[in-house]
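Structure data (compact mmCIF, C-alpha atoms) from my_file-v2.txt:
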# COMPACT_ATOMS: atom_id res chain seq x y z
CA MET S 30 117.37 169.13 252.44
CA ILE S 31 116.37 165.51 252.04
CA VAL S 32 115.01 163.62 249.01
CA ARG S 33 113.12 160.33 249.34
CA GLN S 34 111.28 157.90 247.09
CA ASP S 35 108.21 158.56 249.25
CA GLU S 36 107.43 160.43 252.46
CA GLU S 37 108.14 157.47 254.74
CA GLY S 38 110.96 155.91 252.73
CA SER S 39 114.70 156.06 253.30
CA ASN S 40 116.73 159.05 252.19
CA LEU S 41 118.07 159.14 248.65
CA TRP S 42 119.99 162.28 249.55
CA ASN S 43 120.51 164.32 252.69
CA SER S 44 122.43 167.55 252.27
CA GLY S 45 123.07 167.91 255.99
CA VAL S 46 123.32 171.39 257.47
CA VAL S 47 124.80 173.73 254.87
CA PRO S 48 125.74 177.11 256.38
CA GLN S 49 125.27 179.74 253.65
CA THR S 50 123.20 182.77 252.68
CA LYS S 51 122.21 181.46 249.23
CA SER S 52 118.51 180.62 249.19
CA ARG S 53 117.87 179.45 245.62
CA LEU S 54 119.37 177.30 242.88
CA ILE S 55 120.93 174.90 245.38
CA ARG S 56 122.42 172.09 243.31
CA TYR S 57 121.17 168.55 243.95
CA ALA S 58 124.15 166.31 244.74
CA GLY S 59 122.51 162.93 245.27
CA LYS S 60 122.18 159.83 243.11
CA PRO S 61 120.63 160.24 239.63
CA LEU S 62 116.84 160.13 239.79
CA SER S 63 114.88 157.60 237.76
CA PRO S 64 112.59 158.74 234.92
CA ASN S 65 108.80 158.78 235.33
CA THR S 66 109.16 158.39 239.08
CA PRO S 67 107.48 160.28 241.95
CA TYR S 68 109.76 161.72 244.65
CA PHE S 69 109.31 163.52 247.97
CA TRP S 70 111.53 166.30 249.33
CA ALA S 71 111.67 168.18 252.60
CA LEU S 72 113.58 171.32 253.51
CA ARG S 73 114.56 172.58 256.97
CA ILE S 74 115.94 176.09 257.39
CA GLU S 75 117.66 177.01 260.63
CA THR S 76 118.26 180.65 261.56
CA SER S 77 119.27 182.59 264.65
CA VAL S 78 115.61 183.38 265.31
CA GLY S 79 114.06 179.99 264.70
CA THR S 80 113.50 177.08 262.34
CA VAL S 81 111.06 176.54 259.47
CA THR S 82 110.33 173.42 257.43
CA SER S 83 108.59 172.75 254.13
CA SER S 84 107.97 169.71 251.93
CA SER S 85 106.48 168.77 248.60
CA ALA S 86 106.48 166.08 245.89
CA PHE S 87 107.34 165.93 242.20
CA THR S 88 107.54 163.41 239.36
CA THR S 89 110.49 163.22 236.98
CA GLY S 90 109.98 163.31 233.22
CA PRO S 91 110.55 160.58 230.63
CA SER S 92 113.94 159.18 229.75
CA LEU S 93 115.50 160.18 226.44
CA LEU S 94 115.27 156.52 225.56
CA ASP S 95 111.48 156.84 225.75
CA VAL S 96 111.46 159.59 223.09
CA PRO S 97 110.99 158.37 219.49
CA PHE S 98 114.19 158.51 217.47
CA LEU S 99 114.67 161.59 215.32
CA PRO S 100 117.38 162.29 212.74
CA PHE S 101 120.32 164.21 214.15
CA ASP S 102 119.57 167.38 212.18
CA ILE S 103 116.11 167.47 213.75
CA GLN S 104 117.30 166.65 217.26
CA ARG S 105 119.68 169.62 217.28
CA ARG S 106 118.99 172.74 215.32
CA ASP S 107 122.21 174.45 214.24
CA ASP S 108 122.34 177.80 216.01
CA PRO S 109 125.76 179.50 216.00
CA LEU S 110 124.49 182.37 218.18
CA ALA S 111 123.19 179.97 220.85
CA ASP S 112 126.50 178.08 220.74
CA LEU S 113 128.39 181.35 221.19
CA PHE S 114 126.08 182.37 224.03
CA GLN S 115 126.71 179.09 225.83
CA SER S 116 130.46 179.60 225.59
CA SER S 117 130.32 183.20 226.82
CA ASP S 118 131.22 184.44 230.31
CA TRP S 119 129.06 186.15 232.91
CA ILE S 120 130.50 189.60 233.71
CA TRP S 121 129.83 192.39 236.23
CA THR S 122 131.43 195.61 237.38
CA PRO S 123 134.64 195.27 239.46
CA GLU S 124 133.18 196.01 242.90
CA ALA S 125 131.68 192.51 242.86
CA ALA S 126 135.21 191.24 243.51
CA MET S 127 135.03 192.75 247.01
CA TYR S 128 132.12 190.47 247.81
CA THR S 129 131.73 186.77 247.10
CA PRO S 130 131.01 186.73 243.36
CA PRO S 131 128.51 186.53 241.88
CA LEU S 132 127.00 188.36 244.88
CA ALA S 133 127.10 192.11 244.28
CA PRO S 134 125.58 195.30 245.69
CA THR S 135 122.13 196.20 244.43
CA GLY S 136 121.57 199.01 241.96
CA ASP S 137 122.11 199.91 238.30
CA ARG S 138 125.33 199.36 236.36
CA ALA S 139 126.25 200.47 232.84
CA PHE S 140 128.24 198.45 230.29
CA ARG S 141 129.57 199.52 226.88
CA ARG S 142 131.28 197.71 224.03
CA THR S 143 132.58 199.59 220.98
CA TYR S 144 133.04 197.86 217.64
CA THR S 145 134.74 199.44 214.60
CA PRO S 146 134.61 197.31 211.40
CA PRO S 147 137.63 196.83 209.12
CA SER S 148 138.23 199.46 206.47
CA GLY S 149 136.12 198.83 203.37
CA ARG S 150 133.93 196.24 205.08
CA PRO S 151 131.17 198.11 206.96
CA ALA S 152 129.00 196.30 209.48
CA ILE S 153 125.51 195.43 208.25
CA SER S 154 123.71 193.81 211.18
CA ALA S 155 124.11 192.23 214.60
CA ASP S 156 122.39 189.18 216.09
CA ILE S 157 122.27 189.50 219.88
CA LEU S 158 121.45 187.11 222.72
CA ILE S 159 121.39 188.59 226.22
CA ALA S 160 120.40 187.58 229.75
CA VAL S 161 120.91 189.69 232.87
CA ASP S 162 120.38 188.94 236.53
CA ASP S 163 118.10 190.75 237.33
CA GLU S 164 116.98 193.28 234.66
CA PHE S 165 118.34 195.13 231.63
CA VAL S 166 117.75 197.71 228.93
CA LEU S 167 119.77 197.14 225.73
CA TYR S 168 120.86 199.99 223.45
CA VAL S 169 122.62 199.93 220.09
CA ASN S 170 124.01 203.23 218.80
CA GLY S 171 121.79 205.14 221.19
CA GLN S 172 118.58 203.30 220.28
CA ASN S 173 116.57 201.40 222.87
CA ILE S 174 116.47 197.89 221.39
CA GLY S 175 114.73 195.91 224.13
CA THR S 176 114.36 195.08 227.80
CA SER S 177 114.31 192.05 230.06
CA PRO S 178 110.98 190.23 230.41
CA GLN S 179 108.65 191.61 233.04
CA ARG S 180 108.45 189.15 235.94
CA THR S 181 106.94 189.18 239.43
CA ASP S 182 109.92 187.22 240.78
CA GLU S 183 113.70 187.52 240.52
CA LEU S 184 114.09 184.91 237.79
CA GLY S 185 113.78 187.09 234.71
CA TRP S 186 117.36 186.12 233.77
CA ARG S 187 116.08 182.65 232.88
CA ASN S 188 114.56 183.99 229.66
CA ALA S 189 117.28 185.28 227.34
CA GLN S 190 116.19 187.89 224.82
CA ARG S 191 117.19 187.75 221.16
CA TYR S 192 117.41 190.64 218.68
CA THR S 193 118.51 191.27 215.10
CA VAL S 194 119.63 194.88 214.69
CA SER S 195 120.74 196.98 211.72
CA LEU S 196 124.14 198.61 212.24
CA ILE S 197 125.76 201.77 210.88
CA SER S 198 128.77 201.84 208.59
CA GLY S 199 131.22 203.34 211.09
CA THR S 200 131.80 202.68 214.78
CA ASN S 201 128.96 200.90 216.58
CA VAL S 202 128.30 200.86 220.32
CA PHE S 203 126.42 198.23 222.31
CA ALA S 204 125.31 199.57 225.70
CA ILE S 205 123.51 197.87 228.58
CA ARG S 206 121.86 199.31 231.66
CA ALA S 207 121.79 196.36 234.06
CA THR S 208 119.93 196.30 237.37
CA ASN S 209 120.69 194.08 240.38
CA LEU S 210 117.71 193.81 242.75
CA ASN S 211 117.65 192.93 246.43
CA ASP S 212 117.54 189.26 247.35
CA PRO S 213 113.77 188.66 247.86
CA ASN S 214 114.44 186.46 250.88
CA THR S 215 117.13 188.37 252.76
CA GLY S 216 116.59 191.88 251.41
CA GLY S 217 120.35 192.16 250.95
CA ASP S 218 122.87 191.71 248.16
CA SER S 219 122.08 189.16 245.46
CA SER S 220 123.73 187.47 242.49
CA ALA S 221 124.36 189.77 239.54
CA GLY S 222 125.66 189.13 236.05
CA VAL S 223 125.45 189.94 232.34
CA LEU S 224 125.66 187.15 229.78
CA ILE S 225 125.76 188.26 226.15
CA ALA S 226 126.73 187.01 222.70
CA ILE S 227 126.77 189.04 219.48
CA ILE S 228 127.41 187.95 215.89
CA ILE S 229 128.13 190.88 213.58
CA THR S 230 127.71 190.44 209.81
CA LEU S 231 129.90 192.57 207.55
CA SER S 232 129.18 193.78 204.02
CA ASP S 233 131.23 190.98 202.42
CA GLY S 234 129.22 188.31 204.23
CA THR S 235 131.87 187.47 206.82
CA THR S 236 131.09 187.59 210.53
CA THR S 237 132.82 188.51 213.75
CA THR S 238 131.76 187.85 217.34
CA ILE S 239 131.54 189.62 220.68
CA THR S 240 130.98 187.87 224.02
CA GLY S 241 131.11 188.76 227.69
CA ASP S 242 134.78 189.47 228.37
CA THR S 243 137.22 192.16 229.47
CA SER S 244 136.81 194.12 226.20
CA TRP S 245 133.67 195.70 227.70
CA LYS S 246 133.67 198.81 229.89
CA GLY S 247 131.59 199.09 233.06
CA ASN S 248 130.62 201.72 235.59
CA SER S 249 128.25 202.30 238.51
CA ASN S 250 127.99 206.03 237.75
CA ILE S 251 125.60 206.23 234.81
CA PRO S 252 125.23 209.47 232.83
CA ASN S 253 122.29 209.71 230.44
CA SER S 254 124.64 209.99 227.47
CA PHE S 255 126.38 206.65 228.11
CA ILE S 256 124.32 205.08 225.31
CA ASP S 257 125.67 207.47 222.66
CA VAL S 258 128.33 206.46 220.15
CA SER S 259 130.30 209.63 220.91
CA PHE S 260 130.41 209.07 224.69
CA ASP S 261 133.94 208.82 226.13
CA ASP S 262 134.23 205.70 228.31
CA SER S 263 138.03 205.76 228.56
CA SER S 264 137.85 206.31 232.34
CA TRP S 265 135.48 203.39 232.88
CA GLU S 266 136.68 200.19 234.50
CA THR S 267 137.15 196.74 233.03
CA PRO S 268 134.46 194.28 234.17
CA ILE S 269 135.40 191.15 236.08
CA ILE S 270 134.70 187.72 234.62
CA LEU S 271 132.49 185.76 237.02
CA GLY S 272 132.63 182.49 235.09
CA GLN S 273 131.40 180.75 231.96
CA TYR S 274 127.82 179.89 231.09
CA GLY S 275 126.82 176.97 233.32
CA MET S 276 128.37 178.39 236.51
CA SER S 277 126.48 178.55 239.80
CA PRO S 278 123.98 179.90 240.66
CA TRP S 279 122.59 180.16 237.11
CA SER S 280 123.77 176.76 235.87
CA THR S 281 122.29 176.03 232.42
CA ALA S 282 118.81 177.27 233.31
CA VAL S 283 118.81 180.17 230.81
CA VAL S 284 116.22 179.51 228.10
CA VAL S 285 117.44 180.54 224.63
CA PRO S 286 114.73 181.67 222.16
CA THR S 287 114.98 180.36 218.61
CA SER S 288 113.58 183.48 216.92
CA ALA S 289 114.64 187.11 217.16
CA SER S 290 112.88 190.45 217.30
CA SER S 291 114.08 192.51 214.33
CA VAL S 292 114.91 196.17 214.75
CA SER S 293 115.92 198.25 211.74
CA SER S 294 116.44 201.94 211.11
CA SER S 295 116.57 203.96 207.91
CA SER S 296 119.15 206.36 209.33
CA SER S 297 122.77 205.82 208.34
CA SER S 298 123.95 206.95 211.75
CA ALA S 299 122.63 208.37 215.01
CA SER S 300 124.70 211.53 214.56
CA ALA S 301 123.38 212.07 211.04
CA ASP S 302 119.82 212.17 212.40
CA ALA S 303 120.79 214.69 215.05
CA ALA S 304 122.48 216.89 212.44
CA SER S 305 119.34 217.26 210.36
CA ALA S 306 117.36 220.26 211.61
CA LYS S 307 114.04 218.97 210.30
CA THR S 308 114.37 215.38 211.37
CA ALA S 309 111.80 214.06 213.83
CA THR S 310 113.03 214.55 217.38
CA SER S 311 111.57 211.25 218.48
CA THR S 312 112.63 207.92 216.99
CA LEU S 313 110.48 204.82 217.29
CA VAL S 314 111.59 201.21 217.53
CA VAL S 315 108.86 198.66 216.74
CA THR S 316 109.50 195.20 218.14
CA SER S 317 106.85 192.54 218.75
CA ASN S 318 104.00 195.08 218.81
CA VAL S 319 105.83 197.36 221.25
CA VAL S 320 106.72 200.93 220.31
CA THR S 321 109.38 202.76 222.29
CA THR S 322 110.51 206.34 221.99
CA ILE S 323 114.30 206.55 221.89
CA GLY S 324 115.87 208.98 224.29
CA GLY S 325 116.00 207.23 227.66
CA SER S 326 112.37 206.13 227.97
CA THR S 327 111.13 202.68 228.82
CA PRO S 328 108.93 200.54 226.56
CA SER S 329 105.17 200.90 226.76
CA SER S 330 102.85 198.05 225.94
CA PRO S 331 100.04 198.13 223.41
CA SER S 332 96.53 198.70 224.74
CA SER S 333 93.33 197.56 223.13
CA GLY S 334 89.95 198.89 222.19
CA SER S 335 91.03 201.78 219.95
CA PRO S 336 91.60 202.06 216.21
CA THR S 337 94.75 200.42 214.90
CA GLY S 338 97.79 202.66 214.57
CA THR S 339 96.32 205.60 216.50
CA SER S 340 98.30 207.33 219.26
CA SER S 341 96.89 209.40 222.08
CA HIS S 342 99.83 211.83 221.70
CA SER S 343 99.86 215.04 219.69
CA SER S 344 102.03 214.99 216.59
CA ASP S 345 105.22 216.89 215.90
CA SER S 346 106.69 213.93 214.02
CA ASN S 347 105.44 210.82 212.33
CA VAL S 348 106.66 207.30 211.93
CA THR S 349 105.54 205.59 208.76
CA THR S 350 105.62 201.84 208.34
CA GLY S 351 105.98 199.99 205.06
CA SER S 352 102.19 199.66 204.95
CA SER S 353 101.85 203.48 205.25
CA THR S 354 100.22 203.28 208.69
CA LYS S 355 101.13 206.37 210.70
CA ILE S 356 101.80 206.63 214.42
CA SER S 357 102.07 210.06 215.98
CA THR S 358 104.46 210.80 218.82
CA GLY S 359 105.24 213.94 220.77
CA ALA S 360 108.50 215.63 219.85
CA VAL S 361 109.73 215.93 223.44
CA ALA S 362 112.65 213.52 224.08
CA GLY S 363 111.69 210.76 226.46
CA ASN S 364 108.00 210.86 225.55
CA THR S 365 106.58 207.40 224.94
CA ALA S 366 103.87 206.58 222.41
CA ALA S 367 101.95 203.33 222.83
CA LEU S 368 100.13 201.51 220.06
CA THR S 369 96.44 201.16 220.78
CA ALA S 370 96.28 197.92 218.80
CA PRO S 371 98.80 195.44 217.35
CA LEU S 372 100.61 196.81 214.32
CA THR S 373 102.16 194.76 211.52
CA ILE S 374 105.15 196.40 209.84
CA ASN S 375 107.38 195.60 206.89
CA SER S 376 111.16 195.32 207.15
CA SER S 377 111.94 198.96 208.00
CA VAL S 378 110.77 201.92 210.02
CA THR S 379 111.46 205.44 208.75
CA SER S 380 110.97 208.79 210.42
CA SER S 381 110.18 212.17 208.87
CA ALA S 382 109.25 215.64 210.02
CA ALA S 383 105.58 216.47 210.02

Could you write out this structure as structure tokens?
Amino acid sequence: MIVRQDEEGSNLWNSGVVPQTKSRLIRYAGKPLSPNTPYFWALRIETSVGTVTSSSAFTTGPSLLDVPFLPFDIQRRDDPLADLFQSSDWIWTPEAAMYTPPLAPTGDRAFRRTYTPPSGRPAISADILIAVDDEFVLYVNGQNIGTSPQRTDELGWRNAQRYTVSLISGTNVFAIRATNLNDPNTGGDSSAGVLIAIIITLSDGTTTTITGDTSWKGNSNIPNSFIDVSFDDSSWETPIILGQYGMSPWSTAVVVPTSASSVSSSSSSASADAASAKTATSTLVVTSNVVTTIGGSTPSSPSSGSPTGTSSHSSDSNVTTGSSTKISTGAVAGNTAALTAPLTINSSVTSSAA
């Protein structure tokens, strides 16, 4: 790759021939570029079956010196969760060590982290930041909390997802189903990693933290019950640490949102719900106008053109929001009910038998 001031100018940087399979996030290693300046770049790829070239132009942005001065507390918003996230490590299941990390075989991997609060100080809530290369589904105590953003490329990891979740008084389990997709250029193995930070608030107002480290458990064999608090993961392996936030190929390109999707439940525990014979067999999580049935299903998006709060599913159980709007959902586990219009809820979602 070469970078020039203009198409006919002299080279500012020439990478030379770099033999490698990596096809994206190649780090620029030339002289610092000037602000507000147009540049030209050209790329030549040599393979055993031929050569291809491409070129384009871009203009750098303004210098920080060109930005009007702001007080320090406005320049940088204090965000302990973002700070924790940016000090966390990328992790993956151990077989990645047999490759050239962070390259790993494609497919799904499961991760679990158990947290038991100190005696007399139950956990109240958890603030979570997560990014996964390539895709994820996040569960807390068996509930589907959220998924990676839907993208048409392999860069969904660039947009971290942020959640605030109510916890139960006893042991809590954070579980992740992570998916590594084929490299879109080679069709083979690609980079894979989980980056996560969690701040847990206890009943006395103190906090404790969880990051990507060897306290997690990981496995490539994924039973449906791996999301449950009661699941035994003692035979699972310890993940390997790929490196800290900022490592290649992800660098510091992960975008951290400043606001979180809140998920709360009226149940004191997942097992307590299961023990009640007349409790609704489907549980709904409402996050950013998306309703998901808990029990291994994937989120469904709201449609439009129908009355607010109406479901196309028959009702064996109801979910009632703080504004008394009802959404019906089938009682079969794994069934998904989609809102037909955006729904505004209060701070909690409760379920009851019909």

Nearest residue to Ile174 in chain S from the set S:Ser291, S:Thr240, S:Asn211, S:Pro134 (distances using only C-alpha atoms):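 With only C-alpha atoms as the atom set, the closest residue is S:Ser291.
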
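For the residues S:Pro268, S:Gly222, S:Gly199, S:Gly136, ranking by smallest atom-to-atom distance to Thr243 in chain S using only C-alpha atoms places S:Pro268 first.
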
Pairwise distance for CA of Phe165 in chain S and CA of Arg138 in chain S, rounded to one decimal in Å: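 Going from CA of Phe165 in chain S over to CA of Arg138 in chain S covers 9.4 Å.
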
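In this model, the gap between CA of Gly217 in chain S and CA of Met127 in chain S comes to 15.2 Å.
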
Selected residue of minimal separation from Pro131 in chain S among S:Ser254, S:Asn40, S:Thr235, S:Asn209, counting all atoms listed in the file: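 Among S:Ser254, S:Asn40, S:Thr235, S:Asn209, it is S:Asn209 that comes nearest to Pro131 in chain S.
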
Closest atom pairs, range 132-207 of chain S residues within 10 Å of range 275-288 of chain S, all atoms listed in the file, as CSV:
residue,atom,partner,partner_atom,distance
S:Leu132,CA,S:Pro278,CA,9.9
S:Leu158,CA,S:Val285,CA,7.9
S:Ile159,CA,S:Val285,CA,9.1
S:Ala160,CA,S:Val283,CA,7.7
S:Val161,CA,S:Val283,CA,10.0
S:Asp162,CA,S:Trp279,CA,9.1
S:Leu184,CA,S:Val283,CA,9.7
S:Gly185,CA,S:Val283,CA,9.4
S:Trp186,CA,S:Val283,CA,6.8
S:Arg187,CA,S:Val283,CA,4.2
S:Asn188,CA,S:Val284,CA,5.0
S:Ala189,CA,S:Val285,CA,5.5
S:Gln190,CA,S:Pro286,CA,6.9
S:Arg191,CA,S:Pro286,CA,6.6
S:Tyr192,CA,S:Ser288,CA,8.3
S:Thr193,CA,S:Ser288,CA,9.4

Will you give me range 164-175 of chain S, written with all heavy atoms and laid out as an mmCIF file, in the first residue's frame?
data_model
loop_
_atom_site.group_PDB
_atom_site.id
_atom_site.type_symbol
_atom_site.label_atom_id
_atom_site.label_comp_id
_atom_site.auth_asym_id
_atom_site.auth_seq_id
_atom_site.Cartn_x
_atom_site.Cartn_y
_atom_site.Cartn_z
ATOM 1 N N GLU S 164 -20.575 -11.909 16.275
ATOM 2 C CA GLU S 164 -21.941 -11.717 16.754
ATOM 3 C C GLU S 164 -22.116 -12.314 18.149
ATOM 4 O O GLU S 164 -21.340 -13.168 18.567
ATOM 5 C CB GLU S 164 -22.944 -12.390 15.801
ATOM 6 C CG GLU S 164 -22.936 -11.839 14.396
ATOM 7 C CD GLU S 164 -23.838 -12.604 13.445
ATOM 8 O OE1 GLU S 164 -24.348 -13.685 13.815
ATOM 9 O OE2 GLU S 164 -24.027 -12.118 12.303
ATOM 10 N N PHE S 165 -23.170 -11.860 18.867
ATOM 11 C CA PHE S 165 -23.411 -12.413 20.191
ATOM 12 C C PHE S 165 -24.888 -12.361 20.564
ATOM 13 O O PHE S 165 -25.672 -11.590 20.001
ATOM 14 C CB PHE S 165 -22.606 -11.668 21.268
ATOM 15 C CG PHE S 165 -23.145 -10.293 21.599
ATOM 16 C CD1 PHE S 165 -24.161 -10.128 22.536
ATOM 17 C CD2 PHE S 165 -22.631 -9.155 20.977
ATOM 18 C CE1 PHE S 165 -24.665 -8.869 22.839
ATOM 19 C CE2 PHE S 165 -23.127 -7.887 21.271
ATOM 20 C CZ PHE S 165 -24.143 -7.751 22.208
ATOM 21 N N VAL S 166 -25.244 -13.213 21.519
ATOM 22 C CA VAL S 166 -26.494 -13.096 22.269
ATOM 23 C C VAL S 166 -26.086 -13.112 23.739
ATOM 24 O O VAL S 166 -25.349 -13.999 24.168
ATOM 25 C CB VAL S 166 -27.475 -14.246 21.985
ATOM 26 C CG1 VAL S 166 -28.779 -14.029 22.753
ATOM 27 C CG2 VAL S 166 -27.751 -14.375 20.489
ATOM 28 N N LEU S 167 -26.559 -12.129 24.511
ATOM 29 C CA LEU S 167 -26.212 -12.005 25.924
ATOM 30 C C LEU S 167 -27.385 -12.438 26.794
ATOM 31 O O LEU S 167 -28.528 -12.033 26.552
ATOM 32 C CB LEU S 167 -25.836 -10.554 26.248
ATOM 33 C CG LEU S 167 -25.607 -10.220 27.729
ATOM 34 C CD1 LEU S 167 -24.375 -10.940 28.256
ATOM 35 C CD2 LEU S 167 -25.476 -8.706 27.920
ATOM 36 N N TYR S 168 -27.087 -13.277 27.795
ATOM 37 C CA TYR S 168 -28.103 -13.741 28.741
ATOM 38 C C TYR S 168 -27.659 -13.400 30.159
ATOM 39 O O TYR S 168 -26.464 -13.462 30.476
ATOM 40 C CB TYR S 168 -28.289 -15.255 28.653
ATOM 41 C CG TYR S 168 -28.650 -15.781 27.277
ATOM 42 C CD1 TYR S 168 -27.650 -16.149 26.372
ATOM 43 C CD2 TYR S 168 -29.979 -15.944 26.898
ATOM 44 C CE1 TYR S 168 -27.975 -16.643 25.121
ATOM 45 C CE2 TYR S 168 -30.310 -16.438 25.651
ATOM 46 C CZ TYR S 168 -29.304 -16.789 24.760
ATOM 47 O OH TYR S 168 -29.623 -17.278 23.519
ATOM 48 N N VAL S 169 -28.625 -13.060 30.998
ATOM 49 C CA VAL S 169 -28.365 -12.897 32.428
ATOM 50 C C VAL S 169 -29.409 -13.699 33.177
ATOM 51 O O VAL S 169 -30.617 -13.475 32.996
ATOM 52 C CB VAL S 169 -28.416 -11.414 32.855
ATOM 53 C CG1 VAL S 169 -28.241 -11.301 34.369
ATOM 54 C CG2 VAL S 169 -27.338 -10.606 32.136
ATOM 55 N N ASN S 170 -28.957 -14.668 33.958
ATOM 56 C CA ASN S 170 -29.856 -15.537 34.718
ATOM 57 C C ASN S 170 -30.922 -16.176 33.835
ATOM 58 O O ASN S 170 -32.094 -16.275 34.204
ATOM 59 C CB ASN S 170 -30.501 -14.767 35.862
ATOM 60 C CG ASN S 170 -29.480 -14.246 36.852
ATOM 61 O OD1 ASN S 170 -28.450 -14.874 37.079
ATOM 62 N ND2 ASN S 170 -29.737 -13.081 37.434
ATOM 63 N N GLY S 171 -30.498 -16.599 32.663
ATOM 64 C CA GLY S 171 -31.397 -17.296 31.746
ATOM 65 C C GLY S 171 -32.224 -16.405 30.853
ATOM 66 O O GLY S 171 -32.901 -16.897 29.941
ATOM 67 N N GLN S 172 -32.195 -15.100 31.067
ATOM 68 C CA GLN S 172 -32.981 -14.178 30.244
ATOM 69 C C GLN S 172 -32.147 -13.638 29.088
ATOM 70 O O GLN S 172 -30.992 -13.264 29.261
ATOM 71 C CB GLN S 172 -33.491 -12.999 31.072
ATOM 72 C CG GLN S 172 -34.552 -13.371 32.079
ATOM 73 C CD GLN S 172 -35.278 -12.151 32.619
ATOM 74 O OE1 GLN S 172 -34.948 -11.011 32.291
ATOM 75 N NE2 GLN S 172 -36.276 -12.376 33.447
ATOM 76 N N ASN S 173 -32.748 -13.588 27.929
ATOM 77 C CA ASN S 173 -32.127 -12.998 26.745
ATOM 78 C C ASN S 173 -32.146 -11.485 26.912
ATOM 79 O O ASN S 173 -33.192 -10.851 26.888
ATOM 80 C CB ASN S 173 -32.905 -13.419 25.496
ATOM 81 C CG ASN S 173 -32.282 -12.888 24.206
ATOM 82 O OD1 ASN S 173 -31.679 -11.825 24.192
ATOM 83 N ND2 ASN S 173 -32.460 -13.628 23.134
ATOM 84 N N ILE S 174 -30.976 -10.894 27.088
ATOM 85 C CA ILE S 174 -30.872 -9.459 27.370
ATOM 86 C C ILE S 174 -30.689 -8.633 26.108
ATOM 87 O O ILE S 174 -31.207 -7.530 25.983
ATOM 88 C CB ILE S 174 -29.713 -9.190 28.349
ATOM 89 C CG1 ILE S 174 -29.953 -9.929 29.666
ATOM 90 C CG2 ILE S 174 -29.540 -7.698 28.595
ATOM 91 C CD1 ILE S 174 -31.267 -9.588 30.339
ATOM 92 N N GLY S 175 -29.940 -9.141 25.140
ATOM 93 C CA GLY S 175 -29.720 -8.376 23.917
ATOM 94 C C GLY S 175 -28.796 -9.108 22.972
ATOM 95 O O GLY S 175 -28.189 -10.132 23.310
#
